[in-house]
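Everything below belongs to query_32.cif, which stores mmCIF, C-alpha atoms.
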```
data_target
loop_
_atom_site.label_atom_id
_atom_site.label_comp_id
_atom_site.auth_asym_id
_atom_site.auth_seq_id
_atom_site.Cartn_x
_atom_site.Cartn_y
_atom_site.Cartn_z
CA MET J 225 89.06 -97.21 -131.62
CA SER J 226 87.81 -95.40 -134.72
CA GLN J 227 84.21 -96.10 -133.75
CA SER J 228 84.60 -94.87 -130.21
CA THR J 229 85.96 -91.46 -131.27
CA THR J 230 82.47 -90.14 -131.94
CA VAL J 231 81.21 -91.15 -128.53
CA PRO J 232 82.77 -88.36 -126.41
CA SER J 233 81.43 -85.57 -128.61
CA GLN J 234 77.92 -87.01 -128.52
CA ASP J 235 78.21 -87.57 -124.83
CA HIS J 236 79.40 -84.03 -124.36
CA HIS J 237 76.19 -82.40 -125.51
CA GLU J 238 74.02 -84.61 -123.34
CA HIS J 239 76.24 -84.31 -120.30
CA ALA J 240 75.43 -81.36 -118.05
CA HIS J 241 78.46 -79.50 -116.69
CA PRO J 242 78.48 -78.77 -113.00
CA PRO J 243 77.80 -75.03 -112.67
CA GLY J 244 81.05 -73.05 -112.86
CA LEU J 245 83.10 -75.74 -114.63
CA GLN J 246 84.89 -74.38 -117.68
CA HIS J 247 84.75 -76.35 -120.90
CA HIS J 248 88.46 -77.22 -120.98
CA PHE J 249 88.81 -78.81 -117.53
CA ILE J 250 88.12 -82.44 -116.66
CA ASP J 251 86.48 -81.76 -113.33
CA MET J 252 86.06 -79.14 -110.61
CA ARG J 253 89.15 -80.23 -108.71
CA GLN J 254 91.42 -79.94 -111.75
CA GLN J 255 89.99 -76.51 -112.52
CA PHE J 256 90.52 -75.36 -108.93
CA GLU J 257 94.09 -76.64 -108.70
CA ALA J 258 95.02 -75.22 -112.12
CA SER J 259 93.75 -71.74 -111.34
CA LYS J 260 95.44 -71.88 -107.95
CA ILE J 261 98.85 -72.57 -109.52
CA GLY J 262 98.26 -69.65 -111.88
CA MET J 263 97.36 -67.42 -108.94
CA TRP J 264 100.49 -68.38 -106.99
CA LEU J 265 102.69 -67.69 -110.02
CA PHE J 266 101.08 -64.26 -110.26
CA LEU J 267 101.69 -63.69 -106.55
CA VAL J 268 105.39 -64.52 -107.06
CA THR J 269 105.60 -61.82 -109.75
CA GLU J 270 103.98 -59.44 -107.25
CA VAL J 271 106.59 -60.35 -104.63
CA LEU J 272 109.35 -59.61 -107.14
CA LEU J 273 107.70 -56.33 -108.19
CA PHE J 274 107.65 -55.10 -104.60
CA GLY J 275 110.99 -56.82 -103.99
CA GLY J 276 112.75 -54.39 -106.34
CA LEU J 277 111.46 -51.48 -104.27
CA PHE J 278 112.41 -53.20 -101.01
CA VAL J 279 115.97 -53.79 -102.25
CA GLY J 280 116.23 -50.17 -103.40
CA TYR J 281 114.98 -49.06 -100.01
CA GLY J 282 117.54 -51.30 -98.28
CA ILE J 283 120.42 -49.87 -100.33
CA MET J 284 119.49 -46.21 -99.85
CA HIS J 285 118.72 -46.78 -96.17
CA SER J 286 122.15 -48.36 -95.58
CA LYS J 287 123.86 -45.49 -97.43
CA HIS J 288 121.94 -42.63 -95.80
CA PRO J 289 120.81 -43.89 -92.38
CA GLU J 290 120.62 -40.40 -90.79
CA ALA J 291 118.35 -39.02 -93.52
CA PHE J 292 116.00 -42.02 -93.29
CA ILE J 293 115.78 -41.93 -89.49
CA ALA J 294 115.18 -38.16 -89.47
CA ALA J 295 112.56 -38.42 -92.23
CA HIS J 296 110.57 -41.26 -90.66
CA THR J 297 109.77 -39.09 -87.61
CA HIS J 298 107.35 -37.20 -89.89
CA LEU J 299 105.20 -40.34 -90.00
CA ASP J 300 102.73 -41.11 -87.22
CA TRP J 301 103.39 -44.70 -86.14
CA ARG J 302 99.97 -44.85 -84.45
CA LEU J 303 98.21 -44.43 -87.80
CA GLY J 304 100.52 -47.08 -89.27
CA ALA J 305 99.76 -49.47 -86.43
CA LEU J 306 96.03 -48.78 -86.80
CA ASN J 307 96.22 -49.61 -90.50
CA THR J 308 98.19 -52.78 -89.72
CA ILE J 309 95.43 -53.97 -87.40
CA VAL J 310 92.76 -53.00 -89.96
CA LEU J 311 94.48 -55.05 -92.68
CA LEU J 312 95.07 -58.04 -90.38
CA VAL J 313 91.40 -58.11 -89.39
CA SER J 314 90.40 -57.75 -93.06
CA SER J 315 92.60 -60.74 -93.88
CA PHE J 316 90.78 -62.66 -91.15
CA THR J 317 87.32 -61.72 -92.48
CA MET J 318 88.49 -62.65 -95.99
CA VAL J 319 89.59 -66.12 -94.93
CA MET J 320 86.32 -66.50 -93.01
CA GLY J 321 84.59 -65.65 -96.30
CA VAL J 322 86.53 -68.47 -97.97
CA TRP J 323 85.43 -70.76 -95.14
CA ALA J 324 81.80 -69.69 -95.57
CA ALA J 325 82.07 -70.43 -99.30
CA GLN J 326 83.68 -73.83 -98.66
CA THR J 327 80.82 -74.75 -96.32
CA GLY J 328 78.18 -73.31 -98.67
CA GLN J 329 76.88 -70.53 -96.40
CA LYS J 330 75.81 -67.79 -98.79
CA LYS J 331 74.66 -65.20 -96.23
CA LYS J 332 77.83 -65.50 -94.17
CA LEU J 333 79.95 -65.32 -97.33
CA ILE J 334 78.30 -62.03 -98.36
CA GLY J 335 78.63 -60.73 -94.79
CA TYR J 336 82.34 -61.51 -94.53
CA LEU J 337 83.09 -60.16 -98.00
CA THR J 338 81.25 -56.92 -97.22
CA THR J 339 83.17 -56.55 -93.94
CA THR J 340 86.44 -57.10 -95.81
CA PHE J 341 85.44 -54.47 -98.35
CA LEU J 342 84.59 -51.95 -95.62
CA LEU J 343 87.88 -52.61 -93.78
CA ALA J 344 89.78 -52.06 -97.03
CA GLY J 345 87.89 -48.77 -97.36
CA ALA J 346 88.86 -47.85 -93.78
CA PHE J 347 92.51 -48.55 -94.67
CA MET J 348 92.28 -46.17 -97.63
CA VAL J 349 90.65 -43.45 -95.48
CA VAL J 350 93.54 -43.60 -92.99
CA LYS J 351 95.97 -43.56 -95.93
CA TYR J 352 94.19 -40.48 -97.32
CA ILE J 353 94.53 -38.68 -93.96
CA GLU J 354 98.25 -39.52 -93.87
CA TYR J 355 98.86 -38.49 -97.49
CA SER J 356 97.00 -35.17 -97.23
CA HIS J 357 99.00 -34.32 -94.10
CA LYS J 358 102.25 -34.97 -95.99
CA PHE J 359 101.12 -33.03 -99.06
CA HIS J 360 100.31 -30.11 -96.76
CA GLU J 361 103.75 -30.20 -95.12
CA GLY J 362 105.61 -30.50 -98.43
CA LEU J 363 106.88 -33.98 -97.54
CA LEU J 364 106.94 -35.13 -101.15
CA PRO J 365 109.16 -37.44 -103.20
CA GLY J 366 112.30 -36.37 -105.07
CA LYS J 367 112.43 -32.84 -106.47
CA PHE J 368 108.95 -32.03 -105.16
CA TYR J 369 110.18 -32.19 -101.56
CA ALA J 370 109.44 -28.77 -100.03
CA HIS J 371 109.55 -29.24 -96.27
CA GLN J 372 110.97 -26.25 -94.37
CA GLY J 373 113.38 -26.25 -91.44
CA ASP J 374 115.16 -29.58 -91.95
CA THR J 375 118.40 -30.11 -90.04
CA VAL J 376 119.31 -33.38 -91.76
CA PRO J 377 119.76 -33.28 -95.56
CA GLY J 378 118.54 -35.87 -98.02
CA GLN J 379 115.15 -36.64 -96.45
CA PHE J 380 113.47 -36.47 -99.87
CA MET J 381 114.93 -39.94 -100.56
CA PHE J 382 112.90 -41.50 -97.78
CA PHE J 383 109.72 -39.92 -99.12
CA SER J 384 110.47 -41.13 -102.64
CA PHE J 385 110.43 -44.68 -101.30
CA TYR J 386 107.54 -43.98 -98.94
CA PHE J 387 105.25 -42.76 -101.70
CA MET J 388 106.31 -45.33 -104.29
CA MET J 389 105.95 -48.28 -101.92
CA THR J 390 102.82 -47.28 -99.98
CA GLY J 391 101.37 -45.86 -103.20
CA LEU J 392 101.83 -49.09 -105.12
CA HIS J 393 100.46 -50.95 -102.12
CA GLY J 394 97.47 -48.58 -101.99
CA ILE J 395 96.74 -49.25 -105.67
CA HIS J 396 96.73 -52.96 -104.82
CA VAL J 397 94.25 -52.31 -101.99
CA LEU J 398 91.97 -50.40 -104.41
CA LEU J 399 92.16 -53.21 -107.00
CA GLY J 400 91.43 -55.69 -104.20
CA MET J 401 88.32 -53.68 -103.33
CA VAL J 402 87.17 -53.92 -106.96
CA ALA J 403 87.77 -57.70 -106.90
CA ILE J 404 85.91 -58.10 -103.58
CA ALA J 405 82.98 -56.01 -104.87
CA TRP J 406 82.86 -58.35 -107.89
CA LEU J 407 82.78 -61.35 -105.51
CA ILE J 408 79.91 -59.82 -103.50
CA TRP J 409 77.95 -59.28 -106.72
CA ARG J 410 78.54 -62.88 -107.84
CA ALA J 411 77.78 -64.28 -104.39
CA GLN J 412 74.46 -62.45 -104.37
CA LYS J 413 73.63 -63.99 -107.74
CA GLY J 414 74.22 -67.37 -106.13
CA HIS J 415 77.22 -68.36 -108.27
CA PHE J 416 79.22 -69.91 -105.44
CA SER J 417 78.72 -73.21 -103.65
CA SER J 418 80.80 -75.67 -101.66
CA GLN J 419 81.63 -77.23 -105.06
CA TYR J 420 82.54 -73.99 -106.81
CA TYR J 421 84.29 -71.23 -104.87
CA GLY J 422 87.55 -70.83 -106.81
CA PRO J 423 87.23 -67.06 -107.39
CA VAL J 424 86.67 -66.46 -103.64
CA ASP J 425 89.81 -68.46 -102.86
CA MET J 426 91.91 -66.69 -105.53
CA VAL J 427 90.89 -63.15 -104.49
CA GLY J 428 91.52 -64.29 -100.91
CA LEU J 429 95.09 -65.29 -101.79
CA TYR J 430 95.65 -61.91 -103.46
CA TRP J 431 94.22 -60.09 -100.45
CA HIS J 432 96.48 -61.98 -98.03
CA LEU J 433 99.50 -61.06 -100.15
CA VAL J 434 98.54 -57.37 -99.95
CA ASP J 435 98.36 -57.85 -96.16
CA LEU J 436 101.71 -59.65 -96.18
CA ILE J 437 103.44 -56.78 -98.00
CA TRP J 438 102.05 -54.28 -95.51
CA ILE J 439 103.38 -56.44 -92.64
CA TYR J 440 106.88 -55.66 -93.98
CA LEU J 441 106.16 -52.04 -94.95
CA PHE J 442 104.93 -51.07 -91.48
CA PRO J 443 108.17 -51.59 -89.47
CA LEU J 444 110.38 -50.42 -92.36
CA MET J 445 108.52 -47.12 -92.82
CA TYR J 446 107.13 -46.23 -89.41
CA LEU J 447 109.45 -47.80 -86.82
CA LEU J 448 113.03 -46.97 -87.79
CA THR J 449 115.55 -46.60 -84.98
CA MET T 215 100.30 -84.81 -109.97
CA GLU T 216 100.85 -85.48 -106.31
CA HIS T 217 98.98 -82.48 -105.07
CA THR T 218 95.57 -83.22 -106.53
CA HIS T 219 94.39 -85.05 -103.42
CA GLU T 220 95.01 -81.97 -101.30
CA HIS T 221 91.62 -80.59 -102.20
CA ASP T 222 90.20 -83.23 -99.88
CA HIS T 223 91.99 -81.88 -96.81
CA PRO T 224 89.73 -81.02 -93.90
CA ILE T 225 88.52 -77.42 -94.08
CA THR T 226 90.22 -75.14 -91.55
CA GLY T 227 87.59 -73.70 -89.23
CA PRO T 228 86.89 -70.29 -87.61
CA LYS T 229 88.57 -71.29 -84.33
CA THR T 230 91.99 -71.69 -85.96
CA TYR T 231 91.57 -68.42 -87.87
CA MET T 232 90.62 -66.58 -84.66
CA THR T 233 93.74 -67.93 -82.92
CA ILE T 234 95.94 -66.83 -85.82
CA LEU T 235 94.37 -63.36 -85.86
CA GLY T 236 95.05 -63.09 -82.11
CA ALA T 237 98.68 -64.13 -82.63
CA LEU T 238 99.08 -61.58 -85.45
CA VAL T 239 97.71 -58.74 -83.29
CA VAL T 240 100.03 -59.73 -80.41
CA LEU T 241 102.98 -59.82 -82.83
CA THR T 242 102.04 -56.34 -84.11
CA VAL T 243 102.18 -55.05 -80.51
CA ILE T 244 105.58 -56.76 -80.17
CA THR T 245 106.73 -55.09 -83.42
CA VAL T 246 105.90 -51.65 -82.00
CA TRP T 247 107.27 -52.46 -78.52
CA ILE T 248 110.56 -53.91 -79.78
CA ALA T 249 111.22 -50.86 -81.98
CA GLN T 250 112.04 -48.67 -78.95
CA PHE T 251 115.10 -50.79 -78.09
CA ASP T 252 118.37 -50.14 -79.87
CA PHE T 253 120.08 -53.28 -81.13
CA GLY T 254 122.50 -51.22 -83.21
CA ALA T 255 123.03 -52.65 -86.67
CA ALA T 256 120.62 -55.51 -85.90
CA ASN T 257 117.59 -53.17 -85.63
CA THR T 258 116.35 -53.83 -89.14
CA VAL T 259 117.10 -57.55 -88.83
CA VAL T 260 115.02 -57.80 -85.62
CA ALA T 261 112.13 -55.88 -87.24
CA LEU T 262 112.25 -58.11 -90.33
CA LEU T 263 112.40 -61.23 -88.16
CA VAL T 264 109.16 -60.35 -86.34
CA ALA T 265 107.57 -59.39 -89.68
CA SER T 266 108.63 -62.74 -91.13
CA ILE T 267 106.99 -64.65 -88.27
CA LYS T 268 103.77 -62.73 -89.00
CA GLY T 269 104.18 -63.34 -92.72
CA ALA T 270 104.69 -67.07 -92.14
CA LEU T 271 101.47 -67.26 -90.10
CA VAL T 272 99.53 -65.50 -92.87
CA ALA T 273 101.01 -67.73 -95.59
CA LEU T 274 100.66 -71.02 -93.70
CA PHE T 275 97.17 -70.54 -92.26
CA PHE T 276 95.28 -67.80 -94.15
CA MET T 277 96.76 -68.79 -97.51
CA HIS T 278 96.55 -72.51 -96.64
CA LEU T 279 100.15 -73.22 -97.64
CA ARG T 280 100.51 -75.83 -94.90
CA HIS T 281 98.12 -78.05 -96.89
CA ASP T 282 99.51 -76.99 -100.24
CA LYS T 283 103.11 -78.17 -100.70
CA PHE T 284 103.14 -77.68 -104.46
CA ASN T 285 102.27 -73.99 -104.35
CA ALA T 286 104.47 -73.53 -101.27
CA VAL T 287 107.44 -74.56 -103.43
CA ILE T 288 106.44 -71.95 -106.04
CA PHE T 289 106.13 -69.23 -103.39
CA VAL T 290 109.33 -70.12 -101.50
CA GLY T 291 111.12 -70.32 -104.86
CA GLY T 292 110.09 -66.72 -105.54
CA LEU T 293 111.24 -65.64 -102.08
CA PHE T 294 114.56 -67.42 -102.67
CA PHE T 295 115.28 -65.34 -105.76
CA LEU T 296 114.26 -62.18 -103.91
CA GLY T 297 116.81 -63.19 -101.27
CA VAL T 298 119.52 -63.66 -103.93
CA PHE T 299 118.68 -60.22 -105.33
CA LEU T 300 118.82 -58.56 -101.89
CA ILE T 301 121.92 -60.30 -100.51
CA PHE T 302 124.08 -59.87 -103.61
CA SER T 303 123.06 -56.20 -103.89
CA LEU T 304 124.03 -55.64 -100.25
CA PHE T 305 127.37 -57.47 -100.78
CA ASP T 306 128.10 -55.04 -103.58
CA ILE T 307 127.11 -51.98 -101.56
CA SER T 308 129.03 -53.00 -98.44
CA THR T 309 132.27 -53.98 -100.22
CA ARG T 310 132.36 -51.01 -102.61
CA GLN T 311 133.27 -48.66 -99.76
CA THR T 312 136.83 -50.07 -99.62
CA VAL T 313 137.78 -48.06 -102.72
CA LEU T 314 136.66 -44.74 -101.21
CA PRO T 315 139.57 -42.39 -100.41
CA SER T 316 138.49 -42.25 -96.78
CA ASN T 317 139.35 -45.94 -96.41
CA LEU T 318 142.90 -45.75 -97.80
CA LYS T 319 145.65 -47.16 -95.61
CA GLU T 320 148.50 -45.01 -97.00
CA PRO T 321 148.84 -41.69 -98.83
CA VAL T 322 148.57 -42.05 -102.61
CA GLN T 323 149.68 -39.61 -105.31
CA ALA T 324 146.92 -40.08 -107.80
CA PHE T 325 143.33 -40.70 -106.99
CA PRO T 326 140.30 -39.86 -109.07
CA GLY T 327 138.89 -36.60 -107.79
CA ALA T 328 141.95 -35.67 -105.72
CA PRO T 329 143.82 -32.40 -106.42
CA LEU T 330 146.68 -33.13 -108.82
CA GLY T 331 150.17 -33.68 -107.46
CA LYS T 332 149.26 -33.58 -103.79
CA PRO T 333 149.38 -36.76 -101.71
CA VAL T 334 146.01 -37.85 -100.45
CA GLN T 335 145.92 -38.54 -96.73
CA PRO T 336 144.45 -41.73 -95.39
CA GLY T 337 141.34 -41.26 -93.28
CA THR T 338 140.04 -38.14 -94.99
CA GLY T 339 140.95 -38.80 -98.62
CA MET T 340 142.05 -35.16 -98.93
CA PRO T 341 145.43 -33.36 -99.00
CA LYS T 342 146.82 -32.29 -95.60
CA GLY T 343 144.90 -29.53 -93.93
CA GLN T 344 141.89 -29.71 -96.18
CA ALA T 345 138.43 -30.65 -94.93
CA PRO T 346 137.31 -34.19 -95.70
CA VAL T 347 134.80 -34.89 -98.41
CA VAL T 348 131.74 -36.70 -97.17
CA PRO T 349 131.37 -39.63 -99.55
CA GLU T 350 127.94 -39.86 -101.10
#
```

Rewrite the coordinates I just gave you, this time as structure tokens.
Amino acid sequence: MSQSTTVPSQDHHEHAHPPGLQHHFIDMRQQFEASKIGMWLFLVTEVLLFGGLFVGYGIMHSKHPEAFIAAHTHLDWRLGALNTIVLLVSSFTMVMGVWAAQTGQKKKLIGYLTTTFLLAGAFMVVKYIEYSHKFHEGLLPGKFYAHQGDTVPGQFMFFSFYFMMTGLHGIHVLLGMVAIAWLIWRAQKGHFSSQYYGPVDMVGLYWHLVDLIWIYLFPLMYLLT
Amino acid sequence: MEHTHEHDHPITGPKTYMTILGALVVLTVITVWIAQFDFGAANTVVALLVASIKGALVALFFMHLRHDKFNAVIFVGGLFFLGVFLIFSLFDISTRQTVLPSNLKEPVQAFPGAPLGKPVQPGTGMPKGQAPVVPE
């Protein structure tokens, strides 16, 4: 036993790591599975972060239904539906990017990632149009609410939740764009292969969660009855 | 570690992803269409139900949870605690109303916020002849 202890360290310097394998993992599969568990734990914290806002929304909505229903008519459901479709398609192109990485198709990977990035940008453009319209009308959260001619009181509450929830979601979209741009850069450098595509998969999971949160935000914000 | 072999699962192909995208777009149309009907108190429940079907499709297919039991347990565990948070908060909110003056069965002499010495009427929570207070 005492003799064999020197063998691994010698072996280590001669042995070439597969590209992308970190020093502290046994093999690619262990590295992939470990980072995936970490990613899912992070996604759970994200669910709970948004969950607090969703619960707050549920409580205030149940206590002031008239104010929420009156306030939501200031939103254009068509823009919300458009953004829903944009995000769903971007989730599709993201997962196609993961597929391209799994099958080792570099050009397709870059193509799908770029499409996802552009769709995320389109989402933010629509969001910008919506936000600037609300700023113009004085439909702002809390004490900043300055809309004229309301017949139902308390509509500022809806806009507090609207801006906090879609705003936090929008920040996640922007961070996702940064992550996707990073993936495009690495893909162009040829870092990814069918053996090593963990980062594409992890950013993909994050991107699908951002899509998933919007799936709930859309009916709750735009389609109240 | 039971889940380590899951890396060897067959790779899901573009055809499946296309089908799921189609289903998600159809469900979005249903979300918008169903919102014009009034189910009364069940409106939000119906909207959340359709959203949850969409969410399940995204999680199972796009996020590969159907081949990934270990991480599915982590994710569903998180959702479970979100459910506990939501349901117990709503229990509190919906049962708290029974102590509002407007829900009293009989007149009472003393009630926080009521004018001193005057019996509070059931229904309005105010002395006779006075306008009801809208509870916040």

*Might you spell out which residues the PyMOL selection byres ((chain J) within 9 of (chain T)) would select in the displayed file, as a ChimeraX atom specification?*
/J:253-254,256-257,260-261,264-265,267-269,271-272,275-276,278-280,282-283,286-288,301,305,308-309,312-313,315-316,318-320,323,326-327,425,428-429,432-433,435-437,439-440,442-444,447-449

*Could you list the residues chosen by the PyMOL selection byres ((chain J and resi 369) around 10) in this structure as a PyMOL selection string?*
chain J and resi 359+361-368+370-372+378-381+383-384

Got time to write the residues from that selection, C-alpha atoms, as a compact mmCIF listing (two decimals), keeping the file's coordinate frame?
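Resulting contents of out24.txt:
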```
# COMPACT_ATOMS: atom_id res chain seq x y z
CA PHE J 359 101.12 -33.03 -99.06
CA GLU J 361 103.75 -30.20 -95.12
CA GLY J 362 105.61 -30.50 -98.43
CA LEU J 363 106.88 -33.98 -97.54
CA LEU J 364 106.94 -35.13 -101.15
CA PRO J 365 109.16 -37.44 -103.20
CA GLY J 366 112.30 -36.37 -105.07
CA LYS J 367 112.43 -32.84 -106.47
CA PHE J 368 108.95 -32.03 -105.16
CA ALA J 370 109.44 -28.77 -100.03
CA HIS J 371 109.55 -29.24 -96.27
CA GLN J 372 110.97 -26.25 -94.37
CA GLY J 378 118.54 -35.87 -98.02
CA GLN J 379 115.15 -36.64 -96.45
CA PHE J 380 113.47 -36.47 -99.87
CA MET J 381 114.93 -39.94 -100.56
CA PHE J 383 109.72 -39.92 -99.12
CA SER J 384 110.47 -41.13 -102.64
```

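Evaluated against the shown file, the PyMOL selection byres ((chain J and resi 343-354) around 7) gives Asn307, Val310, Ser314, Thr339, Thr340, Phe341, Leu342, Tyr355, Ser356, His357, Lys358, Val397 and Met401 of chain J.
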
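In this structure, CA of Glu290 in chain J sits 22.1 Å away from CA of Arg302 in chain J.
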
*May I ask for the distance between CA of Gly400 in chain J and CA of Leu311 in chain J, given in Å to one decimal place?*
11.9 Å

*asked:* Report, in Å to a single decimal, how far apart CA of Phe274 in chain J and CA of Phe294 in chain T are.
replied: 14.3 Å
